[in-house]
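Peer 1: Compact mmCIF, C-alpha atoms, file start.txt:
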```txt
# COMPACT_ATOMS: atom_id res chain seq x y z
CA MET A 6 167.50 105.15 121.62
CA SER A 7 165.19 103.71 124.29
CA ALA A 8 162.94 106.76 124.09
CA ILE A 9 162.73 106.62 120.29
CA LEU A 10 161.97 102.91 120.32
CA ALA A 11 159.39 103.20 123.10
CA SER A 12 157.61 105.98 121.24
CA ALA A 13 157.53 103.98 118.01
CA ARG A 14 156.23 100.84 119.74
CA HIS A 15 153.89 102.67 122.17
CA ALA A 16 155.76 101.07 125.05
CA SER A 17 156.88 102.33 128.43
CA ILE A 18 160.44 102.64 129.71
CA ARG A 19 161.74 101.59 133.08
CA ALA A 20 165.20 103.03 133.71
CA LEU A 21 167.33 100.95 136.05
CA THR A 22 170.68 101.68 137.72
CA VAL A 23 172.40 98.93 139.68
CA PHE A 24 175.09 99.84 142.19
CA ASP A 25 177.35 96.81 142.32
CA ASN A 26 178.05 95.67 145.86
CA ALA A 27 181.66 95.05 144.88
CA ALA A 28 182.06 98.69 143.80
CA PHE A 29 180.20 100.19 146.80
CA PRO A 30 180.81 97.63 149.56
CA TYR A 31 180.12 99.99 152.46
CA ALA A 32 177.36 102.25 151.15
CA GLY A 33 174.09 101.76 152.96
CA ALA A 34 175.65 99.68 155.72
CA GLU A 35 173.37 99.24 158.69
CA SER A 36 175.91 98.05 161.22
CA ALA A 37 178.03 99.98 163.68
CA SER A 38 180.54 100.55 160.91
CA ALA A 39 178.03 102.72 159.01
CA ALA A 40 179.73 105.85 160.27
CA SER A 41 183.16 104.73 159.14
CA ALA A 42 185.16 106.72 156.63
CA GLU A 43 184.67 103.97 154.05
CA SER A 44 180.90 103.99 154.28
CA LEU A 45 180.73 107.78 154.14
CA ALA A 46 182.98 107.87 151.09
CA ASP A 47 180.91 105.21 149.32
CA ALA A 48 177.67 106.97 150.18
CA GLU A 49 179.01 110.21 148.72
CA LEU A 50 180.13 108.50 145.52
CA GLU A 51 176.77 106.78 145.17
CA GLN A 52 174.91 110.06 145.64
CA ARG A 53 177.04 111.74 142.98
CA ALA A 54 176.32 108.86 140.62
CA ARG A 55 172.57 109.17 141.26
CA GLU A 56 172.66 112.89 140.52
CA SER A 57 174.67 112.41 137.33
CA ILE A 58 172.31 109.69 136.09
CA ALA A 59 169.28 111.86 136.85
CA VAL A 60 170.76 114.69 134.78
CA GLN A 61 171.44 112.37 131.84
CA ILE A 62 167.96 110.85 131.89
CA THR A 63 166.35 114.28 132.22
CA SER A 64 168.20 115.47 129.11
CA PHE A 65 166.95 112.52 127.06
CA LEU A 66 163.59 111.58 128.56
CA GLY A 67 162.51 114.54 130.66
CA PRO A 68 162.17 115.17 134.41
CA ASP A 69 159.26 112.75 134.90
CA ALA A 70 161.35 109.84 133.65
CA ALA A 71 164.25 110.91 135.86
CA ARG A 72 161.98 110.80 138.91
CA ARG A 73 160.95 107.23 138.03
CA VAL A 74 164.45 105.78 137.79
CA THR A 75 164.91 102.64 139.87
CA PHE A 76 168.13 102.60 141.89
CA THR A 77 169.04 99.31 143.48
CA ARG A 78 172.02 97.42 144.82
CA GLY A 79 173.31 93.95 144.01
CA SER A 80 175.26 91.97 141.48
CA VAL A 81 174.74 93.86 138.21
CA VAL A 82 173.87 91.15 135.68
CA PRO A 83 171.54 89.00 137.81
CA THR A 84 169.83 92.14 139.09
CA ILE A 85 169.19 93.45 135.58
CA SER A 86 167.67 90.12 134.55
CA ARG A 87 165.59 89.82 137.71
CA GLU A 88 164.26 93.38 137.57
CA ALA A 89 163.39 93.04 133.87
CA GLN A 90 161.49 89.83 134.52
CA SER A 91 159.61 91.25 137.50
CA ALA A 92 158.64 94.35 135.50
CA GLY A 93 157.17 92.20 132.72
CA ALA A 94 159.61 93.71 130.24
CA GLY A 95 159.77 92.50 126.67
CA LEU A 96 163.22 93.90 125.94
CA ILE A 97 166.42 94.83 127.79
CA VAL A 98 168.30 97.83 126.35
CA LEU A 99 171.95 98.43 127.23
CA GLY A 100 174.77 100.56 125.90
CA LEU A 101 177.51 98.81 123.93
CA HIS A 102 181.15 99.88 123.82
CA PRO A 103 184.51 98.13 123.30
CA HIS A 104 186.22 96.37 126.20
CA ASP A 105 189.88 95.60 126.68
CA LEU A 106 191.39 92.42 128.08
CA PHE A 107 191.26 93.73 131.66
CA ASP A 108 187.50 94.26 131.38
CA ARG A 109 187.09 90.67 130.24
CA LEU A 110 189.22 89.28 133.04
CA SER A 111 187.50 91.41 135.68
CA GLY A 112 184.00 90.52 134.47
CA GLU A 113 182.98 94.03 133.40
CA GLU A 114 181.43 93.00 130.07
CA THR A 115 177.86 93.66 131.16
CA ALA A 116 176.17 93.42 127.73
CA LEU A 117 177.90 90.12 126.98
CA ARG A 118 177.02 88.61 130.34
CA VAL A 119 173.39 89.70 130.01
CA ALA A 120 173.23 88.21 126.51
CA ARG A 121 174.56 84.92 127.86
CA THR A 122 172.19 84.62 130.80
CA ALA A 123 169.00 86.68 130.39
CA GLN A 124 165.76 85.07 129.27
CA LEU A 125 164.66 88.25 127.47
CA PRO A 126 165.80 89.74 124.15
CA LEU A 127 168.67 92.21 124.43
CA LEU A 128 169.23 95.35 122.37
CA ALA A 129 172.85 96.47 122.81
CA VAL A 130 173.19 99.96 121.34
CA THR A 131 176.36 101.68 120.13
CA GLN A 132 176.73 105.46 120.37
CA GLY A 133 176.30 105.76 116.61
CA LEU A 134 172.69 104.53 116.65
CA THR A 135 170.58 107.64 117.31
CA GLN A 136 167.44 106.72 115.37
CA LEU A 137 165.45 103.61 114.51
CA PRO A 138 167.61 101.24 112.43
CA ARG A 139 167.15 101.44 108.68
CA ARG A 140 169.21 98.46 107.60
CA CYS A 141 169.41 95.25 109.63
CA ILE A 142 171.36 92.07 109.00
CA VAL A 143 169.95 88.89 110.50
CA GLY A 144 172.52 86.14 111.00
CA VAL A 145 170.57 83.05 109.91
CA ASP A 146 171.42 79.56 111.15
CA PHE A 147 167.77 78.40 110.85
CA GLY A 148 167.46 77.64 114.57
CA PRO A 149 164.32 78.67 116.53
CA ALA A 150 166.05 81.61 118.24
CA CYS A 151 167.28 82.91 114.90
CA ILE A 152 163.77 82.75 113.40
CA ARG A 153 162.37 84.67 116.37
CA ALA A 154 165.21 87.19 116.09
CA ALA A 155 164.33 87.90 112.45
CA LYS A 156 160.65 88.43 113.26
CA GLU A 157 161.29 90.58 116.35
CA ALA A 158 163.96 92.66 114.61
CA ALA A 159 161.43 93.66 111.98
CA GLU A 160 159.46 95.40 114.75
CA LEU A 161 162.48 97.52 115.76
CA LEU A 162 163.13 99.09 112.36
CA ALA A 163 162.20 102.42 110.82
CA GLU A 164 159.56 102.69 108.14
CA GLY A 165 160.94 101.67 104.74
CA ALA A 166 163.85 99.76 106.29
CA THR A 167 165.68 96.78 104.81
CA ILE A 168 166.37 93.39 106.40
CA VAL A 169 169.14 91.23 104.95
CA LEU A 170 168.83 87.53 105.85
CA ALA A 171 172.47 86.40 105.82
CA HIS A 172 173.52 82.77 106.11
CA VAL A 173 177.24 82.07 106.57
CA ARG A 174 178.38 78.61 105.59
CA PRO A 175 181.69 77.18 106.80
CA THR A 176 184.62 77.42 104.43
CA VAL A 177 184.65 74.53 101.97
CA ALA A 178 187.90 73.07 100.62
CA ASP A 179 188.28 73.44 96.86
CA ARG A 180 188.42 69.68 96.37
CA ASP A 181 185.05 69.26 98.13
CA ARG A 182 183.23 72.17 96.50
CA PRO A 183 181.98 70.37 93.35
CA ARG A 184 180.26 67.70 95.48
CA SER A 185 178.88 69.78 98.36
CA SER A 186 178.08 73.22 96.98
CA PRO A 187 175.15 72.53 94.60
CA ASN A 188 173.03 70.62 97.14
CA TYR A 189 174.00 72.91 100.01
CA ASP A 190 173.23 76.07 98.05
CA LEU A 191 169.89 74.71 96.89
CA GLY A 192 168.81 73.75 100.41
CA VAL A 193 169.94 77.04 101.93
CA GLY A 194 168.31 79.04 99.15
CA ASP A 195 164.97 77.30 99.71
CA ALA A 196 165.18 77.78 103.48
CA LEU A 197 166.04 81.48 103.14
CA ALA A 198 163.15 81.96 100.72
CA ARG A 199 160.73 80.36 103.20
CA LEU A 200 161.99 82.60 106.00
CA GLN A 201 161.74 85.62 103.73
CA ARG A 202 158.10 84.84 102.93
CA SER A 203 157.26 84.36 106.63
CA LEU A 204 158.33 87.85 107.72
CA PRO A 205 155.82 90.72 107.85
CA ARG A 206 156.26 93.37 105.17
CA ASN A 207 154.56 96.20 107.00
CA ASP A 208 155.71 99.81 106.68
CA GLY A 209 157.40 99.19 103.35
CA LEU A 210 159.89 96.65 104.71
CA THR A 211 162.29 95.26 102.10
CA ILE A 212 163.68 91.76 102.71
CA GLU A 213 166.81 90.51 100.95
CA THR A 214 168.82 87.29 101.24
CA VAL A 215 172.52 86.53 100.89
CA THR A 216 174.77 83.51 101.43
CA LEU A 217 178.35 84.04 102.60
CA GLU A 218 181.25 81.75 103.38
CA GLY A 219 183.86 81.86 106.14
CA GLU A 220 183.93 82.74 109.83
CA THR A 221 180.48 83.98 110.83
CA PRO A 222 181.43 87.03 112.96
CA ALA A 223 183.95 88.31 110.43
CA GLN A 224 181.56 87.83 107.51
CA LEU A 225 178.65 89.55 109.24
CA LEU A 226 180.78 92.50 110.31
CA ALA A 227 182.25 92.85 106.82
CA LEU A 228 178.77 92.76 105.28
CA ALA A 229 177.58 95.36 107.79
CA GLN A 230 180.44 97.65 106.83
CA ARG A 231 179.87 97.21 103.08
CA THR A 232 176.14 97.87 103.26
CA GLY A 233 175.95 100.56 105.95
CA CYS A 234 174.05 98.29 108.33
CA ASP A 235 173.16 99.79 111.73
CA LEU A 236 171.86 96.63 113.44
CA ILE A 237 172.77 92.94 113.46
CA ALA A 238 170.18 90.52 114.83
CA LEU A 239 170.82 86.90 115.74
CA GLY A 240 169.75 84.08 117.98
CA SER A 241 171.93 83.13 120.92
CA HIS A 242 173.11 79.61 121.66
CA ARG A 243 174.04 78.94 125.26
CA HIS A 244 177.42 77.26 125.78
CA SER A 245 179.17 75.93 128.84
CA PHE A 246 182.15 77.85 130.19
CA VAL A 247 184.50 75.33 128.57
CA GLY A 248 182.59 75.56 125.31
CA ARG A 249 183.00 79.33 125.24
CA LEU A 250 186.74 78.99 125.81
CA VAL A 251 187.26 76.33 123.16
CA LEU A 252 184.73 77.19 120.48
CA GLY A 253 184.08 80.86 121.05
CA SER A 254 180.69 82.35 120.19
CA VAL A 255 179.26 84.47 117.40
CA VAL A 256 177.44 86.65 119.94
CA THR A 257 180.61 87.03 122.02
CA SER A 258 182.68 88.09 119.01
CA LEU A 259 180.13 90.62 117.78
CA ILE A 260 179.55 92.19 121.20
CA ARG A 261 183.28 92.51 121.80
CA ALA A 262 183.78 94.13 118.40
CA ALA A 263 181.15 96.76 119.37
CA THR A 264 181.14 98.32 115.91
CA VAL A 265 177.42 97.93 115.23
CA SER A 266 174.36 97.66 117.47
CA LEU A 267 173.11 94.13 118.21
CA PHE A 268 169.74 92.52 118.85
CA VAL A 269 170.15 89.15 120.57
CA MET A 270 167.32 86.65 120.98
CA PRO A 271 167.93 84.08 123.74
CA PRO A 272 167.10 80.40 123.18
CA MET A 273 164.14 80.42 125.57
CA ALA A 274 162.87 83.98 125.04
CA ALA A 275 159.39 84.76 126.26
CA THR A 276 156.85 84.53 123.45
CA THR A 277 154.21 86.82 124.93
CA GLU A 278 154.04 90.44 123.82
CA GLN A 279 155.09 92.87 126.54
CA GLY A 280 154.94 96.65 126.74
CA THR A 281 157.95 97.63 128.80
CA SER A 282 161.54 98.06 127.66
```
Please lay out the structure from this file as structure tokens.
Peer 2:
Amino acid sequence: MSAILASARHASIRALTVFDNAAFPYAGAESASAASAESLADAELEQRARESIAVQITSFLGPDAARRVTFTRGSVVPTISREAQSAGAGLIVLGLHPHDLFDRLSGEETALRVARTAQLPLLAVTQGLTQLPRRCIVGVDFGPACIRAAKEAAELLAEGATIVLAHVRPTVADRDRPRSSPNYDLGVGDALARLQRSLPRNDGLTIETVTLEGETPAQLLALAQRTGCDLIALGSHRHSFVGRLVLGSVVTSLIRAATVSLFVMPPMAATTEQGTS
């Protein structure tokens, strides 16, 4: 997917592999223990990983790209963010797959942790996305990150694609609906129409709007399934650790579902155009 996207946007790719210090604690040791059985075993495992990664990148991007892969050591998530920033990247691309409870407890949810901390947009790609997206749902809460997500997502789509601007309102009790719904619907409709008019319509882009009701993650995923969506875009809202435990997060729920690729715009994303992904 990175190669397809880079070609369409005339951008360059920097492939990065981070060997977590926790997984390879002895590899590359420079002390007297470097010759220990542990360090030799770790070094062998790391070399095998490098060779496997080179083969994979060669098959997708060619031998030149494989020779330019950056291998580094450190804590995975901070290293990804730091390397992306130092490279002047405009986008971080990661694979997305389901995680079980053990992965969550052990901190192995890389895409989620990058989405929570990185200052760059994140494209988390499922195995099913093998071409530029043709139908994208933008979860609209009318915040600045969401508006940027809608505009940036339009640049990731195939020619003739469709964007659906989807606002999910909280569930309203039947007794309150006659009072709240007319004014709410009118205000949301006007705001969606303004956002729709602000988006570029290049390459035959079609822009639709819809208002849903219920839990946001469930509604967006259900809409994606009904409409054959291959990308959901949304703005991220940073929460404290306690806030994530108590309130949850739309981004967290969608990443953990891992049923459709996600484009996540951070609250303080860089506004300058970059050419590296």
Peer 1: Quick one: distance from atom CA of Ser254 of chain A to atom CA of Ala166 of chain A in Å, one decimal?
Peer 2: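 These atoms are spaced 27.9 Å apart.
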Peer 1: Counting only C-alpha atoms, which of A:Leu228, A:Val119, A:Ala159, A:Thr221 gets nearest to Pro83 of chain A?
Peer 2: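 Smallest distance to Pro83 of chain A is found for A:Val119.
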Peer 1: Show which residues sit within 9 Å of segment 69-81 of chain A, as a list of chain:residue names. Count only C-alpha atoms, and ignore same-chain residues fewer than 5 positions away.
Peer 2: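 The residues satisfying every condition are A:Ile18, A:Arg19, A:Ala20, A:Leu21, A:Thr22, A:Val23, A:Phe24, A:Asp25, A:Asn26, A:Ala27, A:Phe29, A:Arg55, A:Ile58, A:Ala59, A:Val60, A:Gln61, A:Ile62, A:Thr63, A:Ser86, A:Thr115.
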Peer 1: Counting all atoms listed in the file, what is within 12 Å of segment 213-217 of chain A, bar same-chain residues fewer than 3 positions away, as number ranges by chain?
Peer 2: A: 140-146, 166-177, 186, 189-202, 204, 206, 210, 220-228
Peer 1: Report, in Å with one decimal, the straight-line distance from atom CA of Ala8 of chain A to atom CA of Thr135 of chain A.
Peer 2: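 Spanning atom CA of Ala8 of chain A to atom CA of Thr135 of chain A is a straight-line distance of 10.3 Å.
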Peer 1: At what distance in Å, to one decimal, does atom CA of Arg261 of chain A lie from atom CA of Ala178 of chain A?
Peer 2: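 These two atoms are separated by 29.1 Å.
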Peer 1: Can you tell me, as a list in words, what residues are no more than 8 Å from His102 of chain A when counting all atoms listed in the file, ignoring any on the same chain fewer than 5 positions away?
Peer 2: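 Once the adjacent positions are removed, what remains is Thr131, Gln132, Arg261 and Ala263 of chain A.
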Peer 1: Residues within 9 Å of Gly165 of chain A, please, as a list in words. Count only C-alpha atoms; anything in the same chain fewer than 5 positions from it doesn't count.
Peer 2: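 Final neighbour list, sorted by chain and number: Arg139, Asn207, Asp208, Gly209, Leu210 and Thr211 of chain A.
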Peer 1: Restricting it to C-alpha atoms, dump the selection as a PDB file, in the coordinates of the input.
Peer 2:
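The new file again_30.pdb reads:
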```
ATOM      1  CA  ARG A 139     167.150 101.440 108.680  1.00  0.00           C
ATOM      2  CA  ASN A 207     154.560  96.200 107.000  1.00  0.00           C
ATOM      3  CA  ASP A 208     155.710  99.810 106.680  1.00  0.00           C
ATOM      4  CA  GLY A 209     157.400  99.190 103.350  1.00  0.00           C
ATOM      5  CA  LEU A 210     159.890  96.650 104.710  1.00  0.00           C
ATOM      6  CA  THR A 211     162.290  95.260 102.100  1.00  0.00           C
TER       7      THR A 211
END
```
Peer 1: Would you mind listing what lies within 8 Å of segment 136-138 of chain A as a count of residues only, with only C-alpha atoms counted and same-chain residues fewer than 5 positions away left out?
Peer 2: 9
Peer 1: Nearest residue to Pro149 of chain A out of A:Arg180, A:His242, A:Arg231, A:Arg121, using only C-alpha atoms?
Peer 2: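 With only C-alpha atoms as the atom set, the closest residue is A:His242.
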